[in-house]
$ cat work-v6.cif   # mmCIF, C-alpha atoms and all ligand atoms
data_my_file
#
loop_
_atom_site.group_PDB
_atom_site.id
_atom_site.type_symbol
_atom_site.label_atom_id
_atom_site.label_comp_id
_atom_site.auth_asym_id
_atom_site.auth_seq_id
_atom_site.Cartn_x
_atom_site.Cartn_y
_atom_site.Cartn_z
ATOM 1 C CA MET A 866 180.852 -105.955 56.658
ATOM 2 C CA ALA A 867 178.698 -108.855 55.445
ATOM 3 C CA LEU A 868 177.727 -107.037 52.266
ATOM 4 C CA SER A 869 181.232 -105.758 51.625
ATOM 5 C CA LEU A 870 182.459 -109.377 51.723
ATOM 6 C CA VAL A 871 179.985 -110.303 48.976
ATOM 7 C CA ALA A 872 181.355 -107.455 46.866
ATOM 8 C CA LYS A 873 185.014 -108.207 47.672
ATOM 9 C CA TYR A 874 184.721 -111.957 47.069
ATOM 10 C CA PRO A 875 182.253 -112.565 44.210
ATOM 11 C CA GLU A 876 183.790 -116.019 43.606
ATOM 12 C CA ARG A 877 183.012 -117.227 47.168
ATOM 13 C CA SER A 878 179.430 -118.035 46.263
ATOM 14 C CA ALA A 879 178.956 -120.754 48.919
ATOM 15 C CA ILE A 880 178.718 -118.074 51.614
ATOM 16 C CA HIS A 881 176.868 -115.310 49.761
ATOM 17 C CA ARG A 882 173.390 -116.285 50.966
ATOM 18 C CA GLU A 883 174.487 -116.364 54.610
ATOM 19 C CA LEU A 884 176.300 -113.063 54.257
ATOM 20 C CA ILE A 885 173.222 -111.445 52.688
ATOM 21 C CA ASP A 886 170.884 -112.949 55.318
ATOM 22 C CA THR A 887 173.214 -111.657 58.048
ATOM 23 C CA ALA A 888 173.273 -108.182 56.497
ATOM 24 C CA ILE A 889 169.456 -108.113 56.299
ATOM 25 C CA GLU A 890 169.181 -109.124 59.957
ATOM 26 C CA GLU A 891 171.663 -106.410 60.976
ATOM 27 C CA LEU A 892 169.675 -103.814 59.045
ATOM 28 C CA GLU A 893 166.401 -104.982 60.638
ATOM 29 C CA HIS A 894 168.025 -104.474 64.049
ATOM 30 C CA PHE A 895 169.273 -101.064 62.982
ATOM 31 C CA LYS A 896 165.712 -100.127 62.021
ATOM 32 C CA LEU A 897 164.324 -101.369 65.344
ATOM 33 C CA VAL A 898 166.900 -99.263 67.217
ATOM 34 C CA PHE A 899 166.059 -96.280 65.007
ATOM 35 C CA GLU A 900 162.346 -96.688 65.833
ATOM 36 C CA LEU A 901 163.118 -96.849 69.565
ATOM 37 C CA MET A 902 165.220 -93.701 69.211
ATOM 38 C CA GLN A 903 162.353 -91.937 67.434
ATOM 39 C CA GLU A 904 159.904 -92.933 70.170
ATOM 40 C CA ARG A 905 162.290 -91.490 72.745
ATOM 41 C CA LYS A 906 163.115 -88.447 70.589
ATOM 42 C CA ILE A 907 166.820 -89.281 70.426
ATOM 43 C CA ASN A 908 168.825 -88.176 67.379
ATOM 44 C CA PHE A 909 171.911 -89.834 65.961
ATOM 45 C CA SER A 910 175.061 -88.526 67.560
ATOM 46 C CA PRO A 911 177.062 -86.186 65.312
ATOM 47 C CA ALA A 912 180.189 -87.860 66.688
ATOM 48 C CA ILE A 913 180.006 -91.348 65.209
ATOM 49 C CA ASN A 914 183.729 -91.652 64.581
ATOM 50 C CA GLU A 915 185.866 -94.506 63.450
ATOM 51 C CA ASP A 916 185.994 -97.104 66.194
ATOM 52 C CA PRO A 917 189.599 -97.358 67.493
ATOM 53 C CA TYR A 918 189.075 -100.987 68.610
ATOM 54 C CA ILE A 919 188.021 -102.043 65.109
ATOM 55 C CA LYS A 920 190.609 -99.834 63.412
ATOM 56 C CA LEU A 921 193.526 -101.271 65.416
ATOM 57 C CA LEU A 922 192.459 -104.845 64.698
ATOM 58 C CA ILE A 923 191.861 -104.307 60.975
ATOM 59 C CA LYS A 924 195.372 -102.844 60.701
ATOM 60 C CA GLN A 925 196.763 -106.250 61.691
ATOM 61 C CA MET A 926 195.058 -108.243 58.945
ATOM 62 C CA HIS A 927 197.056 -109.992 56.250
ATOM 63 C CA SER A 928 197.372 -107.612 53.331
ATOM 64 C CA SER A 929 196.114 -109.865 50.536
ATOM 65 C CA GLY A 930 195.036 -113.233 49.232
ATOM 66 C CA GLU A 931 193.489 -116.226 50.961
ATOM 67 C CA LYS A 932 194.843 -115.245 54.349
ATOM 68 C CA ARG A 933 193.184 -111.838 54.195
ATOM 69 C CA PHE A 934 189.875 -113.500 53.310
ATOM 70 C CA LEU A 935 190.146 -115.750 56.369
ATOM 71 C CA ASP A 936 191.083 -112.756 58.531
ATOM 72 C CA TYR A 937 187.915 -110.938 57.448
ATOM 73 C CA LEU A 938 185.795 -113.902 58.512
ATOM 74 C CA LEU A 939 187.603 -114.314 61.826
ATOM 75 C CA ILE A 940 187.513 -110.693 62.880
ATOM 76 C CA GLY A 941 183.880 -110.703 61.774
ATOM 77 C CA SER A 942 183.312 -113.531 64.233
ATOM 78 C CA LEU A 943 185.271 -111.692 66.921
ATOM 79 C CA PHE A 944 183.282 -108.449 66.513
ATOM 80 C CA GLU A 945 179.959 -110.286 66.525
ATOM 81 C CA THR A 946 180.803 -112.417 69.545
ATOM 82 C CA ARG A 947 182.166 -109.478 71.521
ATOM 83 C CA GLY A 948 179.068 -107.507 70.564
ATOM 84 C CA ALA A 949 176.916 -110.360 71.860
ATOM 85 C CA GLU A 950 178.757 -110.302 75.199
ATOM 86 C CA ARG A 951 178.201 -106.566 75.576
ATOM 87 C CA PHE A 952 174.495 -106.707 74.668
ATOM 88 C CA ARG A 953 174.116 -109.605 77.089
ATOM 89 C CA LEU A 954 175.667 -107.608 79.936
ATOM 90 C CA ILE A 955 173.120 -104.869 79.267
ATOM 91 C CA GLU A 956 170.250 -107.336 79.076
ATOM 92 C CA GLU A 957 171.223 -108.927 82.379
ATOM 93 C CA ASN A 958 171.252 -105.549 84.107
ATOM 94 C CA LEU A 959 168.007 -104.143 82.738
ATOM 95 C CA ILE A 960 164.786 -104.150 84.728
ATOM 96 C CA ASP A 961 162.262 -103.009 82.098
ATOM 97 C CA PRO A 962 160.902 -106.285 80.639
ATOM 98 C CA GLY A 963 160.435 -104.789 77.157
ATOM 99 C CA TYR A 964 164.032 -103.621 76.885
ATOM 100 C CA LYS A 965 165.285 -106.831 78.466
ATOM 101 C CA LYS A 966 163.531 -108.813 75.763
ATOM 102 C CA PHE A 967 164.879 -106.481 73.069
ATOM 103 C CA TYR A 968 168.501 -106.796 74.197
ATOM 104 C CA LYS A 969 168.151 -110.554 74.574
ATOM 105 C CA MET A 970 166.982 -110.733 70.976
ATOM 106 C CA LEU A 971 170.028 -108.645 69.971
ATOM 107 C CA TRP A 972 172.641 -110.660 71.848
ATOM 108 C CA THR A 973 171.350 -114.053 70.802
ATOM 109 C CA SER A 974 171.378 -112.891 67.199
ATOM 110 C CA GLU A 975 174.915 -111.478 67.467
ATOM 111 C CA ALA A 976 176.158 -114.688 69.090
ATOM 112 C CA ARG A 977 174.667 -116.635 66.185
ATOM 113 C CA HIS A 978 176.416 -114.322 63.709
ATOM 114 C CA GLY A 979 179.704 -115.065 65.495
ATOM 115 C CA HIS A 980 179.191 -118.774 64.776
ATOM 116 C CA ILE A 981 178.145 -118.073 61.190
ATOM 117 C CA TYR A 982 181.430 -116.284 60.423
ATOM 118 C CA ILE A 983 183.488 -119.118 61.922
ATOM 119 C CA ASN A 984 181.478 -121.649 59.912
ATOM 120 C CA MET A 985 182.113 -119.634 56.762
ATOM 121 C CA GLY A 986 185.828 -119.879 57.551
ATOM 122 C CA LEU A 987 185.476 -123.637 57.968
ATOM 123 C CA THR A 988 183.788 -123.804 54.552
ATOM 124 C CA TYR A 989 187.032 -122.733 52.897
ATOM 125 C CA PHE A 990 189.888 -123.501 55.317
ATOM 126 C CA PRO A 991 191.047 -126.468 57.438
ATOM 127 C CA GLU A 992 189.836 -126.526 61.035
ATOM 128 C CA LYS A 993 193.379 -126.288 62.431
ATOM 129 C CA GLN A 994 194.152 -123.150 60.424
ATOM 130 C CA VAL A 995 190.844 -121.506 61.384
ATOM 131 C CA TYR A 996 191.189 -122.102 65.132
ATOM 132 C CA GLU A 997 194.924 -121.342 65.310
ATOM 133 C CA ARG A 998 194.403 -118.044 63.554
ATOM 134 C CA MET A 999 191.376 -117.321 65.785
ATOM 135 C CA ASP A 1000 193.580 -117.863 68.852
ATOM 136 C CA TRP A 1001 196.087 -115.456 67.327
ATOM 137 C CA TRP A 1002 193.317 -112.873 66.820
ATOM 138 C CA MET A 1003 192.132 -113.242 70.385
ATOM 139 C CA ASP A 1004 195.670 -112.453 71.598
ATOM 140 C CA ARG A 1005 195.809 -109.391 69.332
ATOM 141 C CA GLU A 1006 192.392 -108.323 70.580
ATOM 142 C CA ALA A 1007 193.540 -108.571 74.209
ATOM 143 C CA GLU A 1008 196.500 -106.288 73.368
ATOM 144 C CA VAL A 1009 194.233 -103.786 71.614
ATOM 145 C CA ILE A 1010 191.740 -103.713 74.481
ATOM 146 C CA GLN A 1011 194.527 -103.147 77.009
ATOM 147 C CA SER A 1012 195.965 -100.313 74.912
ATOM 148 C CA LEU A 1013 192.680 -98.369 74.749
ATOM 149 C CA PRO A 1014 190.985 -96.244 77.415
ATOM 150 C CA ILE A 1015 187.772 -97.596 78.929
ATOM 151 C CA ARG A 1016 184.761 -96.116 77.148
ATOM 152 C CA ALA A 1017 181.091 -96.795 76.548
ATOM 153 C CA ALA A 1018 180.761 -98.643 73.245
ATOM 154 C CA LEU A 1019 178.608 -101.223 71.516
ATOM 155 C CA HIS A 1020 179.196 -102.710 68.116
HETATM 156 FE FE FE B 1 175.663 -109.187 64.005
#
$ encode --input "work-v6.cif" --output "structure tokens" --more "lines below"
Ligand SMILES: [Fe+2]
Amino acid sequence: MALSLVAKYPERSAIHRELIDTAIEELEHFKLVFELMQERKINFSPAINEDPYIKLLIKQMHSSGEKRFLDYLLIGSLFETRGAERFRLIEENLIDPGYKKFYKMLWTSEARHGHIYINMGLTYFPEKQVYERMDWWMDREAEVIQSLPIRAALH
């Protein structure tokens, strides 16, 4: 998502460095997870499908212009922050100190990304607009979560 925003919004240069740094950090985490999977001889699942939670939220974005740009940043923040909460729940329930440390590193990083996306929104839009639209997104997210079956998922 971070890299696609750089490509979609080449004129928004004030946030390109943060988007690229965020993308690099995400990829470093992906590599660390891949290495753990290799150690444990776990392959990627053949069933990595479109995530219904993300799909249903993206469908509700403004279709174009400035408002769509803000929506990207706000749902980015929502996905990162929700991801942080999920990784934190895992961390709090793990016993193995190595994995505990690993998940703590993941959730603190995701929580930071959540703030970064909001701050990017505040770079371009008034505070009132950012937080009112974020409240709106949180209501939409609650509806989406209630409409979906409970399943094991991390983002
Ligand atoms: Fe993240």
$ residues_near_ligand --input "work-v6.cif" --ligand "ligand FE 1 (chain B)" --cutoff "8 Å" --atoms "all atoms listed in the file" --output "PDB file with C-alpha atoms, in the coordinates of the input"
ATOM      1  CA  THR A 887     173.214-111.657  58.048  1.00  0.00           C
ATOM      2  CA  ALA A 888     173.273-108.182  56.497  1.00  0.00           C
ATOM      3  CA  GLU A 890     169.181-109.124  59.957  1.00  0.00           C
ATOM      4  CA  GLU A 891     171.663-106.410  60.976  1.00  0.00           C
ATOM      5  CA  GLU A 945     179.959-110.286  66.525  1.00  0.00           C
ATOM      6  CA  GLY A 948     179.068-107.507  70.564  1.00  0.00           C
ATOM      7  CA  SER A 974     171.378-112.891  67.199  1.00  0.00           C
ATOM      8  CA  GLU A 975     174.915-111.478  67.467  1.00  0.00           C
ATOM      9  CA  ALA A 976     176.158-114.688  69.090  1.00  0.00           C
ATOM     10  CA  ARG A 977     174.667-116.635  66.185  1.00  0.00           C
ATOM     11  CA  HIS A 978     176.416-114.322  63.709  1.00  0.00           C
ATOM     12  CA  GLY A 979     179.704-115.065  65.495  1.00  0.00           C
TER      13      GLY A 979
END
$ resolve_selection --input "work-v6.cif" --expression "the PyMOL selection byres (((chain A and resi 921) around 12) and not hetatm)" --output "ChimeraX atom specification"
/A:915-920,922-926,940,1002,1005-1013
$ closest_residue --input "work-v6.cif" --among "A:Ala1017, A:Leu954, A:Val871, A:Ile889" --to "Trp972 (chain A)" --atoms "only C-alpha atoms"
A:Leu954
$ atom_distance --input "work-v6.cif" --atom1 "CA of Met985 (chain A)" --atom2 "CA of Ile885 (chain A)"
12.8 Å
$ closest_residue --input "work-v6.cif" --among "A:Ile960, A:Met866, A:Ile981, A:Val898" --to "Glu883 (chain A)" --atoms "only C-alpha atoms"
A:Ile981
$ resolve_selection --input "work-v6.cif" --expression "the PyMOL selection byres (((chain A and resi 991-996) around 12) and not hetatm)" --output "PyMOL selection string"
chain A and resi 931-932+934-940+942+982-990+997-1003
$ atom_distance --input "work-v6.cif" --atom1 "CA of Arg905 (chain A)" --atom2 "CA of Pro1014 (chain A)"
29.5 Å
$ atom_distance --input "work-v6.cif" --atom1 "CA of Asn908 (chain A)" --atom2 "CA of Glu893 (chain A)"
18.3 Å
$ closest_residue --input "work-v6.cif" --among "A:Leu892, A:Leu971, A:Met902, A:Ile1015" --to "Ala949 (chain A)" --atoms "only C-alpha atoms"
A:Leu971
$ build_atoms --input "work-v6.cif" --residues "region 1004-1015 of chain A" --atoms "all heavy atoms" --output "compact mmCIF listing (two decimals), keeping the file's coordinate frame"
# COMPACT_ATOMS: atom_id res chain seq x y z
N ASP A 1004 194.51 -113.08 70.93
CA ASP A 1004 195.67 -112.45 71.60
C ASP A 1004 195.83 -111.00 71.15
O ASP A 1004 196.12 -110.12 71.96
CB ASP A 1004 196.96 -113.24 71.30
CG ASP A 1004 196.97 -114.60 71.99
OD1 ASP A 1004 196.18 -114.80 72.94
OD2 ASP A 1004 197.77 -115.47 71.57
N ARG A 1005 195.68 -110.77 69.84
CA ARG A 1005 195.81 -109.39 69.33
C ARG A 1005 194.70 -108.52 69.93
O ARG A 1005 194.93 -107.38 70.29
CB ARG A 1005 195.71 -109.34 67.79
CG ARG A 1005 196.75 -110.12 67.02
CD ARG A 1005 198.17 -109.62 67.18
NE ARG A 1005 198.81 -109.98 68.43
CZ ARG A 1005 199.24 -111.23 68.76
NH1 ARG A 1005 199.05 -112.25 67.96
NH2 ARG A 1005 199.82 -111.45 69.92
N GLU A 1006 193.50 -109.09 70.03
CA GLU A 1006 192.39 -108.32 70.58
C GLU A 1006 192.67 -107.93 72.03
O GLU A 1006 192.39 -106.80 72.44
CB GLU A 1006 191.09 -109.12 70.48
CG GLU A 1006 189.90 -108.26 70.85
CD GLU A 1006 188.72 -109.04 71.40
OE1 GLU A 1006 188.93 -110.14 71.96
OE2 GLU A 1006 187.60 -108.54 71.28
N ALA A 1007 193.23 -108.87 72.80
CA ALA A 1007 193.54 -108.57 74.21
C ALA A 1007 194.53 -107.40 74.28
O ALA A 1007 194.37 -106.49 75.11
CB ALA A 1007 194.12 -109.81 74.88
N GLU A 1008 195.52 -107.40 73.39
CA GLU A 1008 196.50 -106.29 73.37
C GLU A 1008 195.80 -104.96 73.03
O GLU A 1008 196.07 -103.94 73.67
CB GLU A 1008 197.58 -106.55 72.31
CG GLU A 1008 198.52 -107.68 72.65
CD GLU A 1008 199.35 -108.16 71.45
OE1 GLU A 1008 199.26 -107.58 70.35
OE2 GLU A 1008 200.08 -109.15 71.64
N VAL A 1009 194.92 -105.01 72.03
CA VAL A 1009 194.23 -103.79 71.61
C VAL A 1009 193.36 -103.26 72.75
O VAL A 1009 193.37 -102.06 73.06
CB VAL A 1009 193.39 -104.05 70.33
CG1 VAL A 1009 192.39 -102.94 70.08
CG2 VAL A 1009 194.31 -104.23 69.13
N ILE A 1010 192.63 -104.15 73.39
CA ILE A 1010 191.74 -103.71 74.48
C ILE A 1010 192.56 -103.08 75.61
O ILE A 1010 192.20 -102.03 76.14
CB ILE A 1010 190.89 -104.90 75.00
CG1 ILE A 1010 189.83 -105.26 73.96
CG2 ILE A 1010 190.23 -104.56 76.34
CD1 ILE A 1010 189.06 -106.54 74.25
N GLN A 1011 193.70 -103.69 75.92
CA GLN A 1011 194.53 -103.15 77.01
C GLN A 1011 195.16 -101.81 76.63
O GLN A 1011 195.48 -101.01 77.50
CB GLN A 1011 195.60 -104.16 77.40
CG GLN A 1011 195.00 -105.24 78.30
CD GLN A 1011 195.88 -106.48 78.43
OE1 GLN A 1011 197.03 -106.48 78.00
NE2 GLN A 1011 195.34 -107.51 79.02
N SER A 1012 195.31 -101.56 75.33
CA SER A 1012 195.96 -100.31 74.91
C SER A 1012 194.98 -99.14 74.84
O SER A 1012 195.39 -98.00 74.69
CB SER A 1012 196.62 -100.51 73.54
OG SER A 1012 195.62 -100.52 72.52
N LEU A 1013 193.67 -99.43 74.92
CA LEU A 1013 192.68 -98.37 74.75
C LEU A 1013 192.07 -97.95 76.09
O LEU A 1013 191.97 -98.77 77.00
CB LEU A 1013 191.55 -98.87 73.83
CG LEU A 1013 191.92 -99.10 72.36
CD1 LEU A 1013 190.78 -99.78 71.63
CD2 LEU A 1013 192.28 -97.77 71.69
N PRO A 1014 191.67 -96.67 76.18
CA PRO A 1014 190.98 -96.24 77.42
C PRO A 1014 189.61 -96.91 77.52
O PRO A 1014 189.02 -97.29 76.50
CB PRO A 1014 190.85 -94.73 77.24
CG PRO A 1014 190.97 -94.48 75.78
CD PRO A 1014 191.79 -95.59 75.20
N ILE A 1015 189.12 -97.04 78.73
CA ILE A 1015 187.77 -97.60 78.93
C ILE A 1015 186.74 -96.56 78.45
O ILE A 1015 186.87 -95.37 78.76
CB ILE A 1015 187.54 -97.95 80.42
CG1 ILE A 1015 188.47 -99.10 80.80
CG2 ILE A 1015 186.08 -98.28 80.68
CD1 ILE A 1015 188.46 -99.46 82.26
